[in-house]
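Asker: Handing you this structure, nothing more for now.
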6 protein chains.
Amino acid sequence: MPVINFEGPKLSIDQKRKLVKSFTDAAREITGIPENAFVVLIKENQRENIGTGGQLLADRE
Amino acid sequence: MPVINFEGPKLSIDQKRKLVKSFTDAAREITGIPENAFVVLIKENQRENIGTGGQLLADRE
Amino acid sequence: MPVINFEGPKLSIDQKRKLVKSFTDAAREITGIPENAFVVLIKENQRENIGTGGQLLADRE
Amino acid sequence: MPVINFEGPKLSIDQKRKLVKSFTDAAREITGIPENAFVVLIKENQRENIGTGGQLLADRE
Amino acid sequence: MPVINFEGPKLSIDQKRKLVKSFTDAAREITGIPENAFVVLIKENQRENIGTGGQLLADRE
Amino acid sequence: MPVINFEGPKLSIDQKRKLVKSFTDAAREITGIPENAFVVLIKENQRENIGTGGQLLADRE
């Protein structure tokens with residue numbers, strides 16, 4: 001029942017597949033919790049919805 | 001001011017209406033906090049953005 | 001695999017038990033997703049960590 | 001590394017720009033943490049995905 | 001009904017009071033949504049529960 | 001600026017260290033985003049604050 005939430009940019013389905021596999025494998029190995037208990041949620045954010053250093057990513061370069 | 005966040009699949013507006021009503025009614029009754037204080041956020045996720053057991057939902061069957 | 005996150009005040013274990021049961025029952029019935037797929041996370045927040053209307057709950061009355 | 005998550009309605013890019021700037025400036029000044037460490041995520045929600053007082057925003061008037 | 005979630009370090013009650021006031025004032029002014037509709041949640045995280053650049057904050061210097 | 005949020009059980013500092021390292025390494029490799037841009041937040045939840053299948057973890061066996 002652990003829940004892993006990933007907030008990042010737009011991704012391809014293959015990148016999502018690899019993220020879910022890698023995060024679940026790593027977390028299973030480190031915590032000993034069985035693979036089937038993990039939920040991973042992938043959130044894709046537009047560059048105008050993310051800010052760092054007080055500035056939108058969409059406004060950088 | 002309690003906040004209930006629901007992460008699930010695509011839903012019809014009628015399903016959303018019922019979720020908001022049921023969650024708020026139940027939480028009001030159990031906590032004694034007035035109905036008007038509750039915020040419910042519904043997040044609809046595509047099957048390629050959810051992973052369980054190390055696999056995307058979009059890749060199952 | 002839906003995830004329900006509840007942000008509220010301190011609760012007794014019996015209130016938590018009832019919240020988890022009510023939310024899961026309602027969501028199962030409305031969405032048709034089996035009960036075992038639901039994860040509920042309960043977050044208990046101190047009154048000095050919640051603000052409404054620009055003011056901490058801890059500062060009200 | 002603080003993370004500020006804003007859940008609200010649809011916004012213009014100019015509103016987003018101002019939110020990111022204001023939140024980061026205020027948080028830097030209050031906490032003393034340098035501006036570059038802050039991440040702001042803006043989540044735009046449809047009126048049928050937000051409920052208050054047990055009712056969808058989309059159903060109000 | 002917008003919800004602002006702040007994930008950061010341990011804070012004094014006075015810092016929390018100022019964060020809630022500043023965030024709410026800025027968001028009200030930028031969005032036009034009335035002050036009473038805003039909820040702010042402050043989450044205080046220990047240094048061993050935050051990682052940046054692949055390393056726990058607790059392990060830096 | 002991607003943010004990874006892990007909701008799970010109580011963990012040792014060594015487990016946290018390994019989670020942060022593994023998640024960041026995997027996400028860097030899969031997305032191509034530099035390591036320094038990643039923030040990982042680890043949330044430790046008590047067994048009475050997590051429900052699955054309509055039941056608190058604290059009430060199982």
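Note on naming: chains are A, B, ... as they come in the structure tokens, residues start from 1 per chain, ligands start from 1 in the order shown.
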Can you pull out the residues contacting Lys21 of chain F? Cut-off 9 Å, using only C-alpha atoms, and skip same-chain residues under 6 positions away; I want them as an mmCIF file with N, CA, C and O atoms, in the first residue's frame.
Answerer:
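Output below, filename part_18.cif:
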```
data_model
loop_
_atom_site.group_PDB
_atom_site.id
_atom_site.type_symbol
_atom_site.label_atom_id
_atom_site.label_comp_id
_atom_site.auth_asym_id
_atom_site.auth_seq_id
_atom_site.Cartn_x
_atom_site.Cartn_y
_atom_site.Cartn_z
ATOM 1 N N GLY E 51 15.121 14.512 0.292
ATOM 2 C CA GLY E 51 16.323 14.266 -0.505
ATOM 3 C C GLY E 51 16.402 15.235 -1.661
ATOM 4 O O GLY E 51 15.386 15.559 -2.275
ATOM 5 N N GLY E 53 19.160 15.981 -5.098
ATOM 6 C CA GLY E 53 20.372 15.524 -5.794
ATOM 7 C C GLY E 53 20.746 14.095 -5.405
ATOM 8 O O GLY E 53 21.927 13.740 -5.440
ATOM 9 N N GLY E 54 19.768 13.301 -4.985
ATOM 10 C CA GLY E 54 20.042 11.894 -4.669
ATOM 11 C C GLY E 54 20.530 11.654 -3.247
ATOM 12 O O GLY E 54 20.876 10.527 -2.889
ATOM 13 N N GLN E 55 20.529 12.706 -2.431
ATOM 14 C CA GLN E 55 21.112 12.615 -1.083
ATOM 15 C C GLN E 55 20.150 13.188 -0.054
ATOM 16 O O GLN E 55 19.467 14.192 -0.325
ATOM 17 N N LEU E 56 20.093 12.582 1.138
ATOM 18 C CA LEU E 56 19.267 13.150 2.203
ATOM 19 C C LEU E 56 19.828 14.504 2.645
ATOM 20 O O LEU E 56 21.052 14.664 2.747
#
```
Asker: Would you list the contacts of Ile42 of chain A as an MDAnalysis selection string, taking every protein, DNA or RNA residue within 8 Å and counting only C-alpha atoms, but skipping same-chain residues closer than 6 positions in sequence?
Answerer: (chainID A and resid 5:8 16) or (chainID B and resid 49:50)
Asker: Suppose we keep C-alpha atoms; can you now write the selection as an mmCIF file, in the first residue's frame?
Answerer:
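In the end it all went to selection-v5.cif:
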```cif
data_model
loop_
_atom_site.group_PDB
_atom_site.id
_atom_site.type_symbol
_atom_site.label_atom_id
_atom_site.label_comp_id
_atom_site.auth_asym_id
_atom_site.auth_seq_id
_atom_site.Cartn_x
_atom_site.Cartn_y
_atom_site.Cartn_z
ATOM 1 C CA ASN A 5 3.684 10.109 -6.661
ATOM 2 C CA PHE A 6 5.921 11.472 -9.444
ATOM 3 C CA GLU A 7 5.439 15.110 -10.501
ATOM 4 C CA GLY A 8 7.406 15.839 -13.643
ATOM 5 C CA LYS A 16 6.408 5.811 -17.701
ATOM 6 C CA ASN B 49 -0.158 7.144 -15.668
ATOM 7 C CA ILE B 50 -0.969 4.595 -12.965
#
```
Asker: Could the residues of chain E within 7 Å of chain D, counting only C-alpha atoms, be given as a ChimeraX atom specification, please?
Answerer: /E:2-8,15,19,22-23,26-27,30
Asker: May I have all residues of chain F that DSSP, computed from the backbone, assigns to helix (DSSP H, G or I), given as a compact mmCIF listing (two decimals) with N, CA, C and O atoms, in the first residue's frame?
Answerer:
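As written to disk, out.txt reads:
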```txt
# COMPACT_ATOMS: atom_id res chain seq x y z
N ILE F 13 16.90 5.36 8.78
CA ILE F 13 17.57 6.39 7.97
C ILE F 13 18.31 5.74 6.80
O ILE F 13 18.38 6.30 5.71
N ASP F 14 18.79 4.54 6.99
CA ASP F 14 19.49 3.88 5.89
C ASP F 14 18.52 3.50 4.77
O ASP F 14 18.86 3.64 3.58
N GLN F 15 17.33 3.09 5.11
CA GLN F 15 16.32 2.81 4.07
C GLN F 15 15.96 4.09 3.30
O GLN F 15 15.81 4.09 2.08
N LYS F 16 15.84 5.20 4.03
CA LYS F 16 15.52 6.48 3.38
C LYS F 16 16.64 6.89 2.42
O LYS F 16 16.40 7.35 1.30
N ARG F 17 17.87 6.73 2.90
CA ARG F 17 19.04 7.08 2.09
C ARG F 17 19.03 6.30 0.78
O ARG F 17 19.28 6.85 -0.31
N LYS F 18 18.72 5.01 0.88
CA LYS F 18 18.71 4.16 -0.32
C LYS F 18 17.54 4.50 -1.25
O LYS F 18 17.68 4.46 -2.47
N LEU F 19 16.38 4.81 -0.67
CA LEU F 19 15.22 5.18 -1.50
C LEU F 19 15.52 6.43 -2.31
O LEU F 19 15.25 6.49 -3.51
N VAL F 20 16.05 7.44 -1.64
CA VAL F 20 16.34 8.71 -2.31
C VAL F 20 17.36 8.50 -3.43
O VAL F 20 17.19 9.00 -4.55
N LYS F 21 18.39 7.72 -3.14
CA LYS F 21 19.43 7.45 -4.15
C LYS F 21 18.85 6.65 -5.33
O LYS F 21 19.05 7.02 -6.50
N SER F 22 18.11 5.62 -5.06
CA SER F 22 17.58 4.76 -6.13
C SER F 22 16.56 5.50 -7.00
O SER F 22 16.59 5.39 -8.22
N PHE F 23 15.64 6.19 -6.35
CA PHE F 23 14.61 6.91 -7.11
C PHE F 23 15.26 7.98 -7.99
O PHE F 23 14.91 8.14 -9.16
N THR F 24 16.20 8.72 -7.43
CA THR F 24 16.82 9.80 -8.18
C THR F 24 17.65 9.25 -9.33
O THR F 24 17.57 9.76 -10.47
N ASP F 25 18.42 8.20 -9.08
CA ASP F 25 19.23 7.60 -10.15
C ASP F 25 18.34 7.09 -11.29
O ASP F 25 18.61 7.36 -12.46
N ALA F 26 17.28 6.38 -10.93
CA ALA F 26 16.39 5.83 -11.96
C ALA F 26 15.72 6.94 -12.76
O ALA F 26 15.69 6.91 -13.99
N ALA F 27 15.21 7.94 -12.06
CA ALA F 27 14.48 9.01 -12.75
C ALA F 27 15.41 9.85 -13.63
O ALA F 27 15.05 10.28 -14.72
N ARG F 28 16.64 10.09 -13.17
CA ARG F 28 17.62 10.82 -13.96
C ARG F 28 17.92 10.08 -15.26
O ARG F 28 17.93 10.65 -16.35
N GLU F 29 18.14 8.78 -15.12
CA GLU F 29 18.50 7.96 -16.27
C GLU F 29 17.35 7.89 -17.29
O GLU F 29 17.56 7.99 -18.49
N ILE F 30 16.12 7.75 -16.78
CA ILE F 30 14.96 7.57 -17.66
C ILE F 30 14.51 8.88 -18.32
O ILE F 30 14.11 8.90 -19.47
N THR F 31 14.61 9.99 -17.57
CA THR F 31 14.11 11.27 -18.11
C THR F 31 15.21 12.14 -18.70
O THR F 31 14.91 13.07 -19.44
N GLU F 35 20.37 15.15 -12.01
CA GLU F 35 20.20 14.71 -10.61
C GLU F 35 19.86 15.83 -9.64
O GLU F 35 19.02 15.67 -8.77
N ASN F 36 20.51 16.98 -9.81
CA ASN F 36 20.31 18.06 -8.85
C ASN F 36 18.90 18.66 -8.87
O ASN F 36 18.51 19.37 -7.96
N ALA F 37 18.16 18.37 -9.93
CA ALA F 37 16.82 18.95 -10.06
C ALA F 37 15.76 18.17 -9.27
O ALA F 37 14.65 18.66 -9.10
N ARG F 47 0.42 2.79 11.22
CA ARG F 47 -0.47 1.75 10.70
C ARG F 47 -1.94 2.11 10.94
O ARG F 47 -2.80 1.61 10.24
N GLU F 48 -2.21 2.98 11.89
CA GLU F 48 -3.62 3.34 12.09
C GLU F 48 -4.04 4.50 11.18
O GLU F 48 -5.19 4.93 11.23
N ASN F 49 -3.13 4.99 10.36
CA ASN F 49 -3.47 6.06 9.42
C ASN F 49 -3.49 5.60 7.96
O ASN F 49 -3.56 6.42 7.05
N LEU F 57 -4.72 -0.73 8.47
CA LEU F 57 -3.61 -1.69 8.61
C LEU F 57 -3.47 -2.13 10.07
O LEU F 57 -3.20 -3.29 10.36
N ALA F 58 -3.68 -1.19 11.00
CA ALA F 58 -3.55 -1.49 12.43
C ALA F 58 -4.54 -2.55 12.90
O ALA F 58 -4.33 -3.18 13.94
N ASP F 59 -5.61 -2.76 12.16
CA ASP F 59 -6.62 -3.75 12.55
C ASP F 59 -6.42 -5.10 11.88
O ASP F 59 -7.15 -6.05 12.17
```
